[in-house]
Amino acid sequence: MEFLRDIFGPSKYKIWQQVADEIGGQFESGGFFGKDILRFRSGQWEITLDILSGGEDYSSCNRMRAPFVNKEGLKFEIYKGSIASSIGKYFGMQDIQVKDRLFDDKYIVKGNKVDRIKLLLQDENLKDLIRFQGDVYFSVRDDDGSFGVAFPRGVDELYFESEQEIKDVDQLKCLFELFSATLMRLVEIDSAFETDPMIRLN
């Protein structure tokens with residue numbers, strides 16, 4: 001089977017297990033029919049990585065989630081710009097400029113609390129971690145979706161979705177770092193409580 005590894009690279013199992021070992025996380029294998037999950041505890045928060053299958057433009061992609069206690073109902077979306085989104089900007093689509101030309105030219109930033117989001121993205125390390133992911137959809141949303149866990153009032157979810165499955169160990173490790181840094185930054189700018197939301201995602 002060595003020739004298969006040469007063609008397709010290491011398996012997801014080996015990649016995720018390596019990431020878990022290196023960051024101190026826990027890899028839960030779902031077996032042949034189940035869902036694989038990689039969990040990492042960062043302070044009061046549990047960050048969960050899994051694979052989201054299906055969709056219009058991709059067969060599978062990485063999804064990362066972390067419930068947290070949202071102090072003031074902050075919501076944002078950050079995603080890479082495209083021709084369509086550039087046209088949207090031209091015709092007045094809401095777009096927050098963070099006064100970083102390289103970041104503003106590459107990413108669309110939307111949200112409900114402009115000053116807080118600008119403050120969030122004053123963190124250069126945070127912007128570097130976003131850039132490292134390339135094509136991203138990074139946001140805060142209300143809950144885990146129609147078929148997920150129901151969240152209590154005041155708890156929202158930090159959410160990431162890639163356009164395709166990520167198979168690079170360093171990129172996955174940086175994704176966990178992005179979530180840890182964002183959650184701590186939200187506490188620093190007084191937009192989140194450093195409190196365990198008491199929710200375990202599956």
# chains A, B, ... in the order shown; residues from 1 in each chain; ligands from 1

call {"tool": "residues_around", "arguments": {"residues": "segment 62-66 of chain A", "least_positions_apart": "2", "cutoff": "7 Å", "atoms": "only C-alpha atoms", "output": "short mmCIF file (atom, residue, chain, number, x, y, z; two decimals) with N, CA and C atoms, in the first residue's frame"}}
result
data_model
loop_
_atom_site.label_atom_id
_atom_site.label_comp_id
_atom_site.auth_asym_id
_atom_site.auth_seq_id
_atom_site.Cartn_x
_atom_site.Cartn_y
_atom_site.Cartn_z
N TRP A 45 -12.96 26.85 26.77
CA TRP A 45 -13.70 26.50 25.57
C TRP A 45 -13.23 25.18 24.95
N GLU A 46 -14.17 24.42 24.42
CA GLU A 46 -13.83 23.23 23.65
C GLU A 46 -13.99 23.55 22.17
N ILE A 47 -12.92 23.35 21.42
CA ILE A 47 -12.90 23.59 19.98
C ILE A 47 -13.00 22.25 19.28
N THR A 48 -13.92 22.13 18.32
CA THR A 48 -14.21 20.85 17.68
C THR A 48 -14.00 20.94 16.18
N LEU A 49 -13.23 20.00 15.65
CA LEU A 49 -12.98 19.90 14.20
C LEU A 49 -13.63 18.64 13.67
N ASP A 50 -14.37 18.77 12.56
CA ASP A 50 -14.90 17.59 11.89
C ASP A 50 -14.99 17.86 10.39
N ILE A 51 -15.60 16.93 9.66
CA ILE A 51 -15.75 17.07 8.22
C ILE A 51 -17.22 17.31 7.91
N LEU A 52 -17.49 18.34 7.13
CA LEU A 52 -18.84 18.64 6.68
C LEU A 52 -18.97 18.16 5.24
N PHE A 68 -19.42 29.70 22.81
CA PHE A 68 -18.89 30.60 23.82
C PHE A 68 -20.01 31.51 24.31
N GLU A 157 -21.77 30.67 18.62
CA GLU A 157 -20.76 29.73 18.15
C GLU A 157 -19.77 30.42 17.23
N LEU A 158 -18.50 30.30 17.56
CA LEU A 158 -17.45 30.69 16.63
C LEU A 158 -17.34 29.57 15.60
N TYR A 159 -17.36 29.94 14.32
CA TYR A 159 -17.54 28.94 13.27
C TYR A 159 -16.57 29.18 12.11
N PHE A 160 -15.98 28.10 11.61
CA PHE A 160 -15.09 28.16 10.45
C PHE A 160 -15.48 27.06 9.47
N GLU A 161 -15.41 27.40 8.19
CA GLU A 161 -15.66 26.40 7.15
C GLU A 161 -14.67 26.67 6.01
N SER A 162 -14.02 25.61 5.53
CA SER A 162 -13.09 25.74 4.41
C SER A 162 -13.82 25.37 3.12
N GLN A 164 -12.53 23.28 0.95
CA GLN A 164 -12.22 21.88 0.72
C GLN A 164 -11.53 21.31 1.95
N GLU A 165 -11.37 20.01 1.97
CA GLU A 165 -10.77 19.37 3.12
C GLU A 165 -9.30 19.78 3.26
N ILE A 166 -8.90 20.15 4.47
CA ILE A 166 -7.52 20.55 4.75
C ILE A 166 -6.74 19.32 5.20
#

call {"tool": "select_by_dssp", "arguments": {"residues": "segment 78-178 of chain A", "states": "alpha helix (DSSP H)", "output": "ChimeraX atom specification"}}
result
/A:83-90,101-106,114-120,124-133,169-178

call {"tool": "write_last_selection", "arguments": {"atoms": "C-alpha atoms", "output": "mmCIF file, in the first residue's frame"}}
result
data_model
loop_
_atom_site.group_PDB
_atom_site.id
_atom_site.type_symbol
_atom_site.label_atom_id
_atom_site.label_comp_id
_atom_site.auth_asym_id
_atom_site.auth_seq_id
_atom_site.Cartn_x
_atom_site.Cartn_y
_atom_site.Cartn_z
ATOM 1 C CA ILE A 83 -15.451 38.968 -8.256
ATOM 2 C CA ALA A 84 -19.039 38.693 -7.027
ATOM 3 C CA SER A 85 -18.247 40.135 -3.612
ATOM 4 C CA SER A 86 -16.200 42.927 -5.184
ATOM 5 C CA ILE A 87 -19.245 43.898 -7.253
ATOM 6 C CA GLY A 88 -21.269 43.767 -4.042
ATOM 7 C CA LYS A 89 -18.837 46.176 -2.415
ATOM 8 C CA TYR A 90 -19.118 48.551 -5.360
ATOM 9 C CA ARG A 101 -4.942 47.630 2.966
ATOM 10 C CA LEU A 102 -3.626 44.104 2.392
ATOM 11 C CA PHE A 103 -6.356 42.620 4.588
ATOM 12 C CA ASP A 104 -9.155 44.880 3.291
ATOM 13 C CA ASP A 105 -8.267 44.100 -0.334
ATOM 14 C CA LYS A 106 -8.383 40.343 0.245
ATOM 15 C CA VAL A 114 -18.380 47.917 13.593
ATOM 16 C CA ASP A 115 -16.192 49.400 16.332
ATOM 17 C CA ARG A 116 -15.839 46.093 18.153
ATOM 18 C CA ILE A 117 -14.954 44.213 14.968
ATOM 19 C CA LYS A 118 -12.331 46.799 14.046
ATOM 20 C CA LEU A 119 -10.904 46.424 17.546
ATOM 21 C CA LEU A 120 -10.915 42.642 17.213
ATOM 22 C CA GLU A 124 -1.919 41.437 13.890
ATOM 23 C CA ASN A 125 -1.447 37.820 14.965
ATOM 24 C CA LEU A 126 -5.156 37.172 14.448
ATOM 25 C CA LYS A 127 -5.071 38.600 10.921
ATOM 26 C CA ASP A 128 -1.959 36.544 10.112
ATOM 27 C CA LEU A 129 -3.734 33.363 11.259
ATOM 28 C CA ILE A 130 -6.717 34.180 9.031
ATOM 29 C CA ARG A 131 -4.428 34.831 6.052
ATOM 30 C CA PHE A 132 -2.681 31.503 6.629
ATOM 31 C CA GLN A 133 -5.980 29.671 6.022
ATOM 32 C CA VAL A 169 -0.796 19.377 9.646
ATOM 33 C CA ASP A 170 0.550 22.908 10.120
ATOM 34 C CA GLN A 171 -2.573 24.474 8.619
ATOM 35 C CA LEU A 172 -4.822 22.471 10.935
ATOM 36 C CA LYS A 173 -2.701 23.390 13.966
ATOM 37 C CA CYS A 174 -2.911 27.062 12.972
ATOM 38 C CA LEU A 175 -6.677 26.723 12.676
ATOM 39 C CA PHE A 176 -6.888 25.666 16.323
ATOM 40 C CA GLU A 177 -4.573 28.568 17.151
ATOM 41 C CA LEU A 178 -6.885 30.930 15.235
#

call {"tool": "select_by_dssp", "arguments": {"residues": "segment 43-184 of chain A", "states": "strand (DSSP E or B)", "output": "VMD selection string"}}
result
chain A and resid 45 to 53 60 to 70 76 to 80 107 to 111 136 to 141 155 to 162

call {"tool": "write_last_selection", "arguments": {"atoms": "C-alpha atoms", "output": "compact mmCIF listing (two decimals), in the first residue's frame"}}
result
# COMPACT_ATOMS: atom_id res chain seq x y z
CA TRP A 45 -13.70 26.50 25.57
CA GLU A 46 -13.83 23.23 23.65
CA ILE A 47 -12.90 23.59 19.98
CA THR A 48 -14.21 20.85 17.68
CA LEU A 49 -12.98 19.90 14.20
CA ASP A 50 -14.90 17.59 11.89
CA ILE A 51 -15.75 17.07 8.22
CA LEU A 52 -18.84 18.64 6.68
CA SER A 53 -19.97 16.62 3.67
CA SER A 60 -16.44 17.74 1.73
CA CYS A 61 -14.74 20.44 3.75
CA ASN A 62 -13.37 21.08 7.20
CA ARG A 63 -15.62 22.61 9.83
CA MET A 64 -14.47 24.00 13.16
CA ARG A 65 -16.80 25.16 15.95
CA ALA A 66 -16.55 26.53 19.47
CA PRO A 67 -19.55 27.61 21.57
CA PHE A 68 -18.89 30.60 23.82
CA VAL A 69 -20.81 33.01 26.05
CA ASN A 70 -21.34 36.07 23.86
CA PHE A 76 -19.32 38.89 12.24
CA GLU A 77 -18.48 37.19 8.95
CA ILE A 78 -15.03 37.15 7.36
CA TYR A 79 -14.48 35.58 3.97
CA LYS A 80 -12.15 35.92 1.04
CA TYR A 107 -11.23 39.82 2.71
CA ILE A 108 -14.83 40.88 3.14
CA VAL A 109 -15.68 41.70 6.75
CA LYS A 110 -19.31 42.12 7.82
CA GLY A 111 -20.87 42.46 11.23
CA VAL A 136 -12.12 30.84 4.52
CA TYR A 137 -15.56 31.45 5.92
CA PHE A 138 -15.09 32.53 9.54
CA SER A 139 -17.98 33.83 11.61
CA VAL A 140 -19.97 34.04 14.81
CA ARG A 141 -23.42 32.52 14.42
CA VAL A 155 -24.38 31.35 23.92
CA ASP A 156 -23.25 31.60 20.30
CA GLU A 157 -20.76 29.73 18.15
CA LEU A 158 -17.45 30.69 16.63
CA TYR A 159 -17.54 28.94 13.27
CA PHE A 160 -15.09 28.16 10.45
CA GLU A 161 -15.66 26.40 7.15
CA SER A 162 -13.09 25.74 4.41

call {"tool": "atom_distance", "arguments": {"atom1": "atom CA of Lys113 of chain A", "atom2": "atom CA of Thr182 of chain A"}}
result
15.9 Å

call {"tool": "atom_distance", "arguments": {"atom1": "atom CA of Lys71 of chain A", "atom2": "atom CA of Asp190 of chain A"}}
result
7.4 Å

call {"tool": "atom_distance", "arguments": {"atom1": "atom CA of Ile23 of chain A", "atom2": "atom CA of Phe40 of chain A"}}
result
7.7 Å

call {"tool": "closest_residue", "arguments": {"among": "A:Asp95, A:Ser11, A:Glu188, A:Phe151", "to": "Asp123 of chain A", "atoms": "only C-alpha atoms"}}
result
A:Glu188

call {"tool": "residues_around", "arguments": {"residues": "Ala150 of chain A", "least_positions_apart": "6", "cutoff": "12 Å", "atoms": "only C-alpha atoms", "output": "JSON, numbers by chain"}}
result
{"A": [67, 142, 143, 144, 156, 157, 198, 199, 200, 201]}

call {"tool": "write_last_selection", "arguments": {"atoms": "C-alpha atoms", "output": "short mmCIF file (atom, residue, chain, number, x, y, z; two decimals), in the first residue's frame"}}
result
data_model
loop_
_atom_site.label_atom_id
_atom_site.label_comp_id
_atom_site.auth_asym_id
_atom_site.auth_seq_id
_atom_site.Cartn_x
_atom_site.Cartn_y
_atom_site.Cartn_z
CA PRO A 67 -19.55 27.61 21.57
CA ASP A 142 -26.40 31.99 16.73
CA ASP A 143 -26.21 28.24 17.25
CA ASP A 144 -25.20 24.93 15.69
CA ASP A 156 -23.25 31.60 20.30
CA GLU A 157 -20.76 29.73 18.15
CA MET A 198 -21.28 23.82 29.08
CA ILE A 199 -22.04 22.57 25.57
CA ARG A 200 -20.43 19.53 23.92
CA LEU A 201 -20.75 19.33 20.16
#

call {"tool": "closest_residue", "arguments": {"among": "A:Asn202, A:Thr195, A:Ser42, A:Asn112", "to": "Glu28 of chain A", "atoms": "only C-alpha atoms"}}
result
A:Asn202

call {"tool": "decode", "arguments": {"residues": "segment 18-167 of chain A", "atoms": "C-alpha atoms", "output": "PDB file, in the first residue's frame"}}
result
ATOM      1  CA  GLN A  18      -0.653  13.753  14.642  1.00  0.00           C
ATOM      2  CA  VAL A  19      -2.362  17.123  15.161  1.00  0.00           C
ATOM      3  CA  ALA A  20      -4.035  15.842  18.345  1.00  0.00           C
ATOM      4  CA  ASP A  21      -0.712  14.568  19.679  1.00  0.00           C
ATOM      5  CA  GLU A  22       1.107  17.825  18.904  1.00  0.00           C
ATOM      6  CA  ILE A  23      -1.487  20.225  20.365  1.00  0.00           C
ATOM      7  CA  GLY A  24      -2.652  18.063  23.262  1.00  0.00           C
ATOM      8  CA  GLY A  25      -6.076  17.366  21.753  1.00  0.00           C
ATOM      9  CA  GLN A  26      -8.231  14.252  21.568  1.00  0.00           C
ATOM     10  CA  PHE A  27      -8.962  12.422  18.330  1.00  0.00           C
ATOM     11  CA  GLU A  28     -12.180  10.382  18.325  1.00  0.00           C
ATOM     12  CA  SER A  29     -12.419   7.948  15.425  1.00  0.00           C
ATOM     13  CA  GLY A  30     -15.937   7.282  14.203  1.00  0.00           C
ATOM     14  CA  GLY A  31     -14.908   4.069  12.505  1.00  0.00           C
ATOM     15  CA  PHE A  32     -16.006   3.170   8.993  1.00  0.00           C
ATOM     16  CA  PHE A  33     -19.530   4.619   9.192  1.00  0.00           C
ATOM     17  CA  GLY A  34     -19.205   7.155  11.997  1.00  0.00           C
ATOM     18  CA  LYS A  35     -17.869  10.700  12.149  1.00  0.00           C
ATOM     19  CA  ASP A  36     -14.310  11.518  13.113  1.00  0.00           C
ATOM     20  CA  ILE A  37     -13.906  14.414  15.565  1.00  0.00           C
ATOM     21  CA  LEU A  38     -10.828  16.190  16.874  1.00  0.00           C
ATOM     22  CA  ARG A  39     -11.377  18.038  20.143  1.00  0.00           C
ATOM     23  CA  PHE A  40      -9.091  20.566  21.813  1.00  0.00           C
ATOM     24  CA  ARG A  41      -9.595  22.323  25.120  1.00  0.00           C
ATOM     25  CA  SER A  42      -8.453  25.956  25.094  1.00  0.00           C
ATOM     26  CA  GLY A  43      -9.053  27.515  28.483  1.00  0.00           C
ATOM     27  CA  GLN A  44     -12.799  27.475  29.137  1.00  0.00           C
ATOM     28  CA  TRP A  45     -13.698  26.497  25.565  1.00  0.00           C
ATOM     29  CA  GLU A  46     -13.827  23.229  23.653  1.00  0.00           C
ATOM     30  CA  ILE A  47     -12.903  23.589  19.978  1.00  0.00           C
ATOM     31  CA  THR A  48     -14.208  20.853  17.684  1.00  0.00           C
ATOM     32  CA  LEU A  49     -12.984  19.904  14.202  1.00  0.00           C
ATOM     33  CA  ASP A  50     -14.900  17.588  11.886  1.00  0.00           C
ATOM     34  CA  ILE A  51     -15.752  17.069   8.218  1.00  0.00           C
ATOM     35  CA  LEU A  52     -18.841  18.640   6.684  1.00  0.00           C
ATOM     36  CA  SER A  53     -19.972  16.620   3.672  1.00  0.00           C
ATOM     37  CA  GLY A  54     -22.096  17.800   0.777  1.00  0.00           C
ATOM     38  CA  GLY A  55     -22.752  21.236  -0.610  1.00  0.00           C
ATOM     39  CA  GLU A  56     -23.109  22.978  -3.926  1.00  0.00           C
ATOM     40  CA  ASP A  57     -19.446  23.624  -4.696  1.00  0.00           C
ATOM     41  CA  TYR A  58     -17.581  20.902  -2.788  1.00  0.00           C
ATOM     42  CA  SER A  59     -17.951  17.294  -1.717  1.00  0.00           C
ATOM     43  CA  SER A  60     -16.441  17.736   1.733  1.00  0.00           C
ATOM     44  CA  CYS A  61     -14.743  20.443   3.746  1.00  0.00           C
ATOM     45  CA  ASN A  62     -13.374  21.078   7.199  1.00  0.00           C
ATOM     46  CA  ARG A  63     -15.620  22.606   9.827  1.00  0.00           C
ATOM     47  CA  MET A  64     -14.470  24.000  13.162  1.00  0.00           C
ATOM     48  CA  ARG A  65     -16.799  25.162  15.950  1.00  0.00           C
ATOM     49  CA  ALA A  66     -16.551  26.528  19.468  1.00  0.00           C
ATOM     50  CA  PRO A  67     -19.551  27.608  21.568  1.00  0.00           C
ATOM     51  CA  PHE A  68     -18.891  30.600  23.821  1.00  0.00           C
ATOM     52  CA  VAL A  69     -20.809  33.013  26.051  1.00  0.00           C
ATOM     53  CA  ASN A  70     -21.337  36.073  23.856  1.00  0.00           C
ATOM     54  CA  LYS A  71     -21.429  39.071  26.187  1.00  0.00           C
ATOM     55  CA  GLU A  72     -22.996  41.603  23.816  1.00  0.00           C
ATOM     56  CA  GLY A  73     -24.381  39.636  20.880  1.00  0.00           C
ATOM     57  CA  LEU A  74     -21.454  40.391  18.557  1.00  0.00           C
ATOM     58  CA  LYS A  75     -21.793  38.840  15.102  1.00  0.00           C
ATOM     59  CA  PHE A  76     -19.321  38.887  12.236  1.00  0.00           C
ATOM     60  CA  GLU A  77     -18.477  37.187   8.951  1.00  0.00           C
ATOM     61  CA  ILE A  78     -15.031  37.149   7.365  1.00  0.00           C
ATOM     62  CA  TYR A  79     -14.477  35.581   3.970  1.00  0.00           C
ATOM     63  CA  LYS A  80     -12.149  35.919   1.038  1.00  0.00           C
ATOM     64  CA  GLY A  81     -13.150  38.468  -1.591  1.00  0.00           C
ATOM     65  CA  SER A  82     -14.203  37.385  -5.073  1.00  0.00           C
ATOM     66  CA  ILE A  83     -15.451  38.968  -8.256  1.00  0.00           C
ATOM     67  CA  ALA A  84     -19.039  38.693  -7.027  1.00  0.00           C
ATOM     68  CA  SER A  85     -18.247  40.135  -3.612  1.00  0.00           C
ATOM     69  CA  SER A  86     -16.200  42.927  -5.184  1.00  0.00           C
ATOM     70  CA  ILE A  87     -19.245  43.898  -7.253  1.00  0.00           C
ATOM     71  CA  GLY A  88     -21.269  43.767  -4.042  1.00  0.00           C
ATOM     72  CA  LYS A  89     -18.837  46.176  -2.415  1.00  0.00           C
ATOM     73  CA  TYR A  90     -19.118  48.551  -5.360  1.00  0.00           C
ATOM     74  CA  PHE A  91     -22.903  48.627  -5.105  1.00  0.00           C
ATOM     75  CA  GLY A  92     -22.920  49.257  -1.382  1.00  0.00           C
ATOM     76  CA  MET A  93     -22.853  45.840   0.264  1.00  0.00           C
ATOM     77  CA  GLN A  94     -21.980  46.241   3.938  1.00  0.00           C
ATOM     78  CA  ASP A  95     -18.223  45.937   4.293  1.00  0.00           C
ATOM     79  CA  ILE A  96     -16.140  46.910   7.305  1.00  0.00           C
ATOM     80  CA  GLN A  97     -12.720  48.354   6.520  1.00  0.00           C
ATOM     81  CA  VAL A  98     -10.141  47.577   9.194  1.00  0.00           C
ATOM     82  CA  LYS A  99      -7.595  50.090   7.853  1.00  0.00           C
ATOM     83  CA  ASP A 100      -5.171  47.380   6.752  1.00  0.00           C
ATOM     84  CA  ARG A 101      -4.942  47.630   2.966  1.00  0.00           C
ATOM     85  CA  LEU A 102      -3.626  44.104   2.392  1.00  0.00           C
ATOM     86  CA  PHE A 103      -6.356  42.620   4.588  1.00  0.00           C
ATOM     87  CA  ASP A 104      -9.155  44.880   3.291  1.00  0.00           C
ATOM     88  CA  ASP A 105      -8.267  44.100  -0.334  1.00  0.00           C
ATOM     89  CA  LYS A 106      -8.383  40.343   0.245  1.00  0.00           C
ATOM     90  CA  TYR A 107     -11.233  39.818   2.707  1.00  0.00           C
ATOM     91  CA  ILE A 108     -14.833  40.880   3.135  1.00  0.00           C
ATOM     92  CA  VAL A 109     -15.681  41.697   6.750  1.00  0.00           C
ATOM     93  CA  LYS A 110     -19.308  42.124   7.817  1.00  0.00           C
ATOM     94  CA  GLY A 111     -20.869  42.460  11.233  1.00  0.00           C
ATOM     95  CA  ASN A 112     -23.295  44.151  13.576  1.00  0.00           C
ATOM     96  CA  LYS A 113     -20.865  46.085  15.804  1.00  0.00           C
ATOM     97  CA  VAL A 114     -18.380  47.917  13.593  1.00  0.00           C
ATOM     98  CA  ASP A 115     -16.192  49.400  16.332  1.00  0.00           C
ATOM     99  CA  ARG A 116     -15.839  46.093  18.153  1.00  0.00           C
ATOM    100  CA  ILE A 117     -14.954  44.213  14.968  1.00  0.00           C
ATOM    101  CA  LYS A 118     -12.331  46.799  14.046  1.00  0.00           C
ATOM    102  CA  LEU A 119     -10.904  46.424  17.546  1.00  0.00           C
ATOM    103  CA  LEU A 120     -10.915  42.642  17.213  1.00  0.00           C
ATOM    104  CA  LEU A 121      -8.952  42.850  13.963  1.00  0.00           C
ATOM    105  CA  GLN A 122      -6.354  45.246  15.287  1.00  0.00           C
ATOM    106  CA  ASP A 123      -4.639  42.080  16.500  1.00  0.00           C
ATOM    107  CA  GLU A 124      -1.919  41.437  13.890  1.00  0.00           C
ATOM    108  CA  ASN A 125      -1.447  37.820  14.965  1.00  0.00           C
ATOM    109  CA  LEU A 126      -5.156  37.172  14.448  1.00  0.00           C
ATOM    110  CA  LYS A 127      -5.071  38.600  10.921  1.00  0.00           C
ATOM    111  CA  ASP A 128      -1.959  36.544  10.112  1.00  0.00           C
ATOM    112  CA  LEU A 129      -3.734  33.363  11.259  1.00  0.00           C
ATOM    113  CA  ILE A 130      -6.717  34.180   9.031  1.00  0.00           C
ATOM    114  CA  ARG A 131      -4.428  34.831   6.052  1.00  0.00           C
ATOM    115  CA  PHE A 132      -2.681  31.503   6.629  1.00  0.00           C
ATOM    116  CA  GLN A 133      -5.980  29.671   6.022  1.00  0.00           C
ATOM    117  CA  GLY A 134      -6.450  31.106   2.523  1.00  0.00           C
ATOM    118  CA  ASP A 135     -10.052  30.660   1.348  1.00  0.00           C
ATOM    119  CA  VAL A 136     -12.124  30.843   4.519  1.00  0.00           C
ATOM    120  CA  TYR A 137     -15.558  31.446   5.917  1.00  0.00           C
ATOM    121  CA  PHE A 138     -15.087  32.534   9.540  1.00  0.00           C
ATOM    122  CA  SER A 139     -17.977  33.829  11.606  1.00  0.00           C
ATOM    123  CA  VAL A 140     -19.969  34.036  14.809  1.00  0.00           C
ATOM    124  CA  ARG A 141     -23.418  32.523  14.425  1.00  0.00           C
ATOM    125  CA  ASP A 142     -26.396  31.993  16.729  1.00  0.00           C
ATOM    126  CA  ASP A 143     -26.207  28.242  17.248  1.00  0.00           C
ATOM    127  CA  ASP A 144     -25.198  24.926  15.694  1.00  0.00           C
ATOM    128  CA  GLY A 145     -27.803  24.989  12.925  1.00  0.00           C
ATOM    129  CA  SER A 146     -31.190  23.346  12.439  1.00  0.00           C
ATOM    130  CA  PHE A 147     -29.928  19.808  13.045  1.00  0.00           C
ATOM    131  CA  GLY A 148     -27.385  20.608  15.750  1.00  0.00           C
ATOM    132  CA  VAL A 149     -27.369  21.288  19.470  1.00  0.00           C
ATOM    133  CA  ALA A 150     -29.765  23.953  20.744  1.00  0.00           C
ATOM    134  CA  PHE A 151     -27.833  26.681  22.550  1.00  0.00           C
ATOM    135  CA  PRO A 152     -29.128  28.515  25.625  1.00  0.00           C
ATOM    136  CA  ARG A 153     -29.680  32.250  25.473  1.00  0.00           C
ATOM    137  CA  GLY A 154     -26.430  34.212  25.392  1.00  0.00           C
ATOM    138  CA  VAL A 155     -24.385  31.355  23.920  1.00  0.00           C
ATOM    139  CA  ASP A 156     -23.246  31.605  20.303  1.00  0.00           C
ATOM    140  CA  GLU A 157     -20.762  29.729  18.147  1.00  0.00           C
ATOM    141  CA  LEU A 158     -17.448  30.693  16.631  1.00  0.00           C
ATOM    142  CA  TYR A 159     -17.538  28.935  13.266  1.00  0.00           C
ATOM    143  CA  PHE A 160     -15.089  28.164  10.448  1.00  0.00           C
ATOM    144  CA  GLU A 161     -15.655  26.402   7.150  1.00  0.00           C
ATOM    145  CA  SER A 162     -13.095  25.736   4.410  1.00  0.00           C
ATOM    146  CA  GLU A 163     -13.809  25.317   0.707  1.00  0.00           C
ATOM    147  CA  GLN A 164     -12.225  21.881   0.717  1.00  0.00           C
ATOM    148  CA  GLU A 165     -10.770  19.366   3.120  1.00  0.00           C
ATOM    149  CA  ILE A 166      -7.523  20.550   4.752  1.00  0.00           C
ATOM    150  CA  LYS A 167      -4.828  17.862   4.833  1.00  0.00           C
TER     151      LYS A 167
END
